[in-house]
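Below is one structure; the comments refer to it alone.
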Amino acid sequence: MSHAASVHSLWTLAADPPREIPAPHIEYAQLAPTLIVLGGAVLGMLVEAFLPRRARYHAQLLLSVVGLAAAFAAVVALAAGGHAGEKARIAAMGAVAVDGPALFLQGTILLVSLIAVFTFAERRLDPAAHGNRVDSFAAQGSAVPGGEAEQAAVKAGFTTTEVFPLALFAVGGMLVFPAANDLLTLFVALEVFSLPLYVLCALARRQRLLSQESAVKYFLLGAFSSAFLLFGVALLYGYAGTVTYSGIAEVVSGTTRTVDPALASTMGNDALLLIGGALVLMGLLFKVGAVPFHMWTPDVYQGAPTPVTGFMAAATKIAGFGALLRLLYVVLPGMRWDWRPVMWGVAIVTMLLGAIVAVTQTDVKRLLAYSSIAHAGFILAGVIAASPDGVSSVLFYLAAYSFVTLGAFSVVTLVRDAGGEATHLSKWAGLGRRSPLVAAVFAVFLLAFAGIPLTSGFAGKFAVFKAAAQGGAGTLVIVGVLSSAIAAFFYIRVIVLMFFSEPKADGPTVAVPSALTSTAIAVGVAVTVVLGVAPQYFLDLAGQAGTFVR
């Protein structure tokens, strides 16, 4: 009888009303930009699977452009609806912030990516192989460089169209990264945008071994930095008992009310906070290419296909600095005295090393890589200001810098000889006499990098240094101006080389691009000039977008 009774009691327990698992509350409209881009990426994968090979290129290009444009429209709609200001919210159960800085950076990333997709799709630069137009990417990524499979793929006229969905996945991760409002979302977003970039770096059509080497270096160092970040997340969780930004900030400032008994022994332990915060910072500084985490930058920029380098140099900087700002201003404002001295050191070393080492470079892409390291230092000066002006100046600088970078790398794709792109500086001698327009455009970008007045670079540097000086970081401004002077030397040197040297008889030719790359370069020039001559509207826009939702 007892056996039957026990079975019966099990039945009655099972018949109790089930405990309800609460469904997550997701604000789809506020997350629309990210969802549109990731949806486009998934559709792109289906295109690769189901469309015949000859139809894929046009379908992918159309899909990517429409997806990025629609996502940008969604960002503008959110900003116009007041989500950048009084309606700023934490969406998706506390995982993502929809506020001014997030929308500003997402809009910039989407515009930059839209222009970058044009350079991905360029097919006029290389001579036609076996009667087929080819782009900058390997005919078949999985084929061994120089092997029979690769030769067969080139003969058959294959083109790698999966670069478009890969780029869209990367953009989707980058959109979440500066808006992430808890450490786990931050980590997932980091992986979502890093992994496609590792693959894209390995897909160059020419110099495939160099390209694959750069991808392996990027992957190994990126894996290290992700591990540091994840370890930091674990320590911060042990410190605060939560991974949400606001929860950690409450424990830092001592205003928390609830203590998890399991974490009572470690909660509030400052050693965990300092080490965890430092490790998470390391992961983010790696992404923006700050010294001493910059070692991957020159090799990867040189080896990756140039359209990918331009996209990566522009968009990753925006996403990385967005996440860095949110971490320092929302999570660790109570630790300002601890993180400012460290960031001071990082910024000074980054500015000086980027500028000094760039002087010795003989390859255009490596030169631009070291220049990007120096610019990471300049932007860090604005981050260190720790004021609303600091945030808005960094937002403006990122918008200005990204278009100049994209334009500069687009110009690099045009200068070619028999072996593909002629990136060695000696080959650029006398370029101004061969094709004055291309050299003049490149000169505009170099002057913007150098921060010459009437270019966007000057307006950006001025804003960042002004914010740093008001934030009490005057020494940093002096170092920044000195670094800018050193940097100006090698930018001007390239201009002198292009316009005042004799062209060599066997020098490179400048390929005539299609409308795609021409558009990318024209947009770069237009943004550079407009933000330089009339920056006030955009500075105001960045100023309005400068407050984080807490």
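Numbering starts fresh at 1 for the residues of each chain in the structure tokens, the chains themselves are lettered A, B, ... in the order given, and ligands are numbered from 1 as they appear.
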Mind listing the helix (DSSP H, G or I) residues of range 384-483 of chain A, per DSSP on the backbone, as a PyMOL selection string? chain A and resi 384+388-412+425-428+431-434+436-450+456-470+474-483
List the spatial neighbours of Pro33 in chain A as a list of chain:residue names - criterion: any atom at most 7 Å away, only C-alpha atoms, same-chain residues fewer than 3 positions off excluded.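 That gives A:Ile36, A:Val37, A:Ala71, A:Phe72, A:Ala74, A:Val75.
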Restricting the calculation to only C-alpha atoms: of A:Gly241, A:Leu220, A:Tyr28, A:Met93, which residue gets closest to Pro261 in chain A?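 Smallest separation from Pro261 in chain A among the options: A:Gly241.
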I need the strand (DSSP E or B) residues of range 94-286 of chain A per DSSP on the backbone, written as a compact mmCIF listing (two decimals) with N, CA and C atoms, in the first residue's frame.
```
# COMPACT_ATOMS: atom_id res chain seq x y z
N VAL A 96 21.18 45.92 -23.04
CA VAL A 96 21.64 46.89 -24.04
C VAL A 96 21.10 48.27 -23.68
N ALA A 97 21.95 49.28 -23.78
CA ALA A 97 21.51 50.65 -23.53
C ALA A 97 21.14 51.30 -24.85
N VAL A 98 20.01 52.00 -24.89
CA VAL A 98 19.66 52.80 -26.06
C VAL A 98 19.71 54.25 -25.62
N ALA A 129 40.54 38.20 -65.03
CA ALA A 129 41.22 36.89 -65.07
C ALA A 129 40.35 35.93 -65.85
N ASN A 132 36.92 37.02 -66.65
CA ASN A 132 35.98 37.32 -65.56
C ASN A 132 36.49 38.49 -64.73
N PHE A 137 39.34 39.73 -53.32
CA PHE A 137 39.30 38.56 -52.44
C PHE A 137 39.65 37.28 -53.19
N ALA A 180 26.43 47.77 -25.20
CA ALA A 180 26.28 46.70 -24.21
C ALA A 180 26.20 47.29 -22.81
N ASP A 182 25.78 45.08 -20.00
CA ASP A 182 26.33 44.17 -19.00
C ASP A 182 27.52 43.46 -19.61
N ALA A 204 42.79 37.62 -48.92
CA ALA A 204 43.32 38.46 -50.00
C ALA A 204 43.57 37.62 -51.26
N THR A 244 25.83 43.39 -14.45
CA THR A 244 25.28 44.60 -15.08
C THR A 244 26.12 45.81 -14.69
```
Do a neighbour search on Val42 in chain A at 9 Å with only C-alpha atoms, toss out local chain neighbours closer than 4 positions, and write the hits as a PDB file with N, CA and C atoms, in the first residue's frame.
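Written out: out.pdb:
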```
ATOM      1  N   VAL A  37      20.514  44.377 -39.286  1.00  0.00           N
ATOM      2  CA  VAL A  37      21.823  43.995 -39.836  1.00  0.00           C
ATOM      3  C   VAL A  37      22.041  42.488 -39.693  1.00  0.00           C
ATOM      4  N   LEU A  38      21.737  41.941 -38.522  1.00  0.00           N
ATOM      5  CA  LEU A  38      21.943  40.497 -38.328  1.00  0.00           C
ATOM      6  C   LEU A  38      20.977  39.696 -39.205  1.00  0.00           C
ATOM      7  N   LEU A  46      21.824  32.492 -46.656  1.00  0.00           N
ATOM      8  CA  LEU A  46      20.878  31.726 -47.476  1.00  0.00           C
ATOM      9  C   LEU A  46      21.133  31.973 -48.965  1.00  0.00           C
ATOM     10  N   VAL A  47      21.485  33.226 -49.293  1.00  0.00           N
ATOM     11  CA  VAL A  47      21.817  33.549 -50.689  1.00  0.00           C
ATOM     12  C   VAL A  47      22.993  32.693 -51.150  1.00  0.00           C
ATOM     13  N   PRO A 165      28.063  38.714 -46.208  1.00  0.00           N
ATOM     14  CA  PRO A 165      27.453  38.345 -44.918  1.00  0.00           C
ATOM     15  C   PRO A 165      28.444  38.378 -43.761  1.00  0.00           C
ATOM     16  N   LEU A 168      28.566  41.817 -42.612  1.00  0.00           N
ATOM     17  CA  LEU A 168      27.335  42.190 -41.893  1.00  0.00           C
ATOM     18  C   LEU A 168      27.319  41.623 -40.479  1.00  0.00           C
ATOM     19  N   PHE A 169      27.800  40.373 -40.314  1.00  0.00           N
ATOM     20  CA  PHE A 169      27.878  39.822 -38.947  1.00  0.00           C
ATOM     21  C   PHE A 169      28.808  40.678 -38.094  1.00  0.00           C
TER      22      PHE A 169
END
```
A:Ala152, A:Leu221, A:Ala487, A:Ala418 ranked by distance to Ala450 in chain A, top pick (using only C-alpha atoms): A:Ala487
Just to confirm, what's the straight-line distance from CA of Ala170 in chain A to CA of Leu195 in chain A in Å (one decimal)? 7.7 Å
Rounded to one decimal in Å, what is the spacing between CA of Gly232 in chain A and CA of Val346 in chain A?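 CA of Val346 in chain A lies at a distance of 18.7 Å from CA of Gly232 in chain A.
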Residues within 9 Å of range 438-442 of chain A, please, as a count of residues only. Count only C-alpha atoms; anything in the same chain fewer than 4 positions from it doesn't count. 18
One decimal, Å: what's the distance from CA of Leu281 in chain A over to CA of Thr350 in chain A, could you say?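 Pair CA of Leu281 in chain A / CA of Thr350 in chain A returns 15.0 Å.
The residue set within 8 Å of Phe378 in chain A, counting only C-alpha atoms and dropping same-chain residues fewer than 2 places from it, reads A:Ala347, A:Met351, A:Ala374, A:His375, A:Ala376, A:Leu380, A:Ala381, A:Gly382, A:Lys461, A:Val464, A:Phe465, A:Gly480.
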Keeping all heavy atoms, export the residues of the selection given above as an mmCIF file, in the first residue's frame.
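Output file selection_2.cif is given in full below:
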```cif
data_model
loop_
_atom_site.group_PDB
_atom_site.id
_atom_site.type_symbol
_atom_site.label_atom_id
_atom_site.label_comp_id
_atom_site.auth_asym_id
_atom_site.auth_seq_id
_atom_site.Cartn_x
_atom_site.Cartn_y
_atom_site.Cartn_z
ATOM 1 N N ALA A 347 48.011 56.540 -22.784
ATOM 2 C CA ALA A 347 47.799 57.545 -23.833
ATOM 3 C C ALA A 347 49.123 58.169 -24.276
ATOM 4 O O ALA A 347 49.384 58.320 -25.474
ATOM 5 C CB ALA A 347 46.843 58.624 -23.330
ATOM 6 N N MET A 351 50.607 57.738 -28.074
ATOM 7 C CA MET A 351 50.817 58.869 -28.984
ATOM 8 C C MET A 351 52.261 58.905 -29.477
ATOM 9 O O MET A 351 52.522 59.037 -30.676
ATOM 10 C CB MET A 351 50.480 60.189 -28.274
ATOM 11 C CG MET A 351 49.007 60.386 -28.028
ATOM 12 S SD MET A 351 48.581 62.051 -27.489
ATOM 13 C CE MET A 351 48.904 61.987 -25.742
ATOM 14 N N ALA A 374 48.789 56.106 -33.254
ATOM 15 C CA ALA A 374 48.931 57.454 -32.704
ATOM 16 C C ALA A 374 47.553 58.086 -32.476
ATOM 17 O O ALA A 374 47.319 58.733 -31.451
ATOM 18 C CB ALA A 374 49.766 58.318 -33.644
ATOM 19 N N HIS A 375 46.634 57.863 -33.426
ATOM 20 C CA HIS A 375 45.292 58.445 -33.273
ATOM 21 C C HIS A 375 44.549 57.829 -32.092
ATOM 22 O O HIS A 375 43.776 58.514 -31.426
ATOM 23 C CB HIS A 375 44.491 58.264 -34.561
ATOM 24 C CG HIS A 375 44.853 59.260 -35.610
ATOM 25 N ND1 HIS A 375 44.377 60.542 -35.611
ATOM 26 C CD2 HIS A 375 45.692 59.179 -36.665
ATOM 27 C CE1 HIS A 375 44.896 61.200 -36.638
ATOM 28 N NE2 HIS A 375 45.702 60.397 -37.292
ATOM 29 N N ALA A 376 44.797 56.538 -31.825
ATOM 30 C CA ALA A 376 44.184 55.934 -30.633
ATOM 31 C C ALA A 376 44.636 56.692 -29.391
ATOM 32 O O ALA A 376 43.849 56.926 -28.465
ATOM 33 C CB ALA A 376 44.579 54.463 -30.541
ATOM 34 N N LEU A 380 42.317 58.715 -26.733
ATOM 35 C CA LEU A 380 42.382 58.403 -25.295
ATOM 36 C C LEU A 380 42.493 59.685 -24.460
ATOM 37 O O LEU A 380 42.001 59.733 -23.336
ATOM 38 C CB LEU A 380 43.577 57.490 -25.006
ATOM 39 C CG LEU A 380 43.359 56.008 -25.292
ATOM 40 C CD1 LEU A 380 44.661 55.235 -25.128
ATOM 41 C CD2 LEU A 380 42.300 55.431 -24.374
ATOM 42 N N ALA A 381 43.127 60.723 -25.023
ATOM 43 C CA ALA A 381 43.211 61.989 -24.292
ATOM 44 C C ALA A 381 41.813 62.515 -23.994
ATOM 45 O O ALA A 381 41.541 63.025 -22.902
ATOM 46 C CB ALA A 381 44.004 63.012 -25.113
ATOM 47 N N GLY A 382 40.890 62.369 -24.958
ATOM 48 C CA GLY A 382 39.513 62.800 -24.731
ATOM 49 C C GLY A 382 38.798 61.910 -23.729
ATOM 50 O O GLY A 382 37.984 62.370 -22.935
ATOM 51 N N LYS A 461 40.981 66.982 -33.308
ATOM 52 C CA LYS A 461 42.076 67.098 -32.337
ATOM 53 C C LYS A 461 41.840 68.273 -31.408
ATOM 54 O O LYS A 461 42.079 68.198 -30.201
ATOM 55 C CB LYS A 461 43.407 67.296 -33.079
ATOM 56 C CG LYS A 461 44.085 65.984 -33.404
ATOM 57 C CD LYS A 461 45.452 66.193 -34.016
ATOM 58 C CE LYS A 461 45.965 64.851 -34.496
ATOM 59 N NZ LYS A 461 46.968 64.931 -35.528
ATOM 60 N N VAL A 464 39.245 67.307 -28.797
ATOM 61 C CA VAL A 464 39.753 66.335 -27.820
ATOM 62 C C VAL A 464 40.741 66.998 -26.866
ATOM 63 O O VAL A 464 40.669 66.832 -25.642
ATOM 64 C CB VAL A 464 40.416 65.151 -28.566
ATOM 65 C CG1 VAL A 464 41.188 64.292 -27.596
ATOM 66 C CG2 VAL A 464 39.362 64.312 -29.249
ATOM 67 N N PHE A 465 41.678 67.790 -27.424
ATOM 68 C CA PHE A 465 42.705 68.420 -26.571
ATOM 69 C C PHE A 465 42.083 69.477 -25.659
ATOM 70 O O PHE A 465 42.491 69.640 -24.512
ATOM 71 C CB PHE A 465 43.808 69.042 -27.436
ATOM 72 C CG PHE A 465 44.710 68.007 -28.079
ATOM 73 C CD1 PHE A 465 45.482 68.311 -29.191
ATOM 74 C CD2 PHE A 465 44.784 66.717 -27.568
ATOM 75 C CE1 PHE A 465 46.310 67.360 -29.769
ATOM 76 C CE2 PHE A 465 45.609 65.762 -28.141
ATOM 77 C CZ PHE A 465 46.366 66.084 -29.245
ATOM 78 N N GLY A 480 50.522 65.427 -26.759
ATOM 79 C CA GLY A 480 49.735 65.224 -27.968
ATOM 80 C C GLY A 480 50.159 66.158 -29.083
ATOM 81 O O GLY A 480 50.287 65.752 -30.240
#
```
Across A:Gly322, A:Pro292, A:Gly377, A:Gly334, the smallest distance to Val481 in chain A, with only C-alpha atoms counted, is shown by A:Gly377
With distances taken over only C-alpha atoms, which residue among A:Ala290, A:Leu190, A:Ala443, A:Leu197 lies nearest Leu353 in chain A?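 Answer, going by the shortest atom-to-atom distance: A:Ala290.
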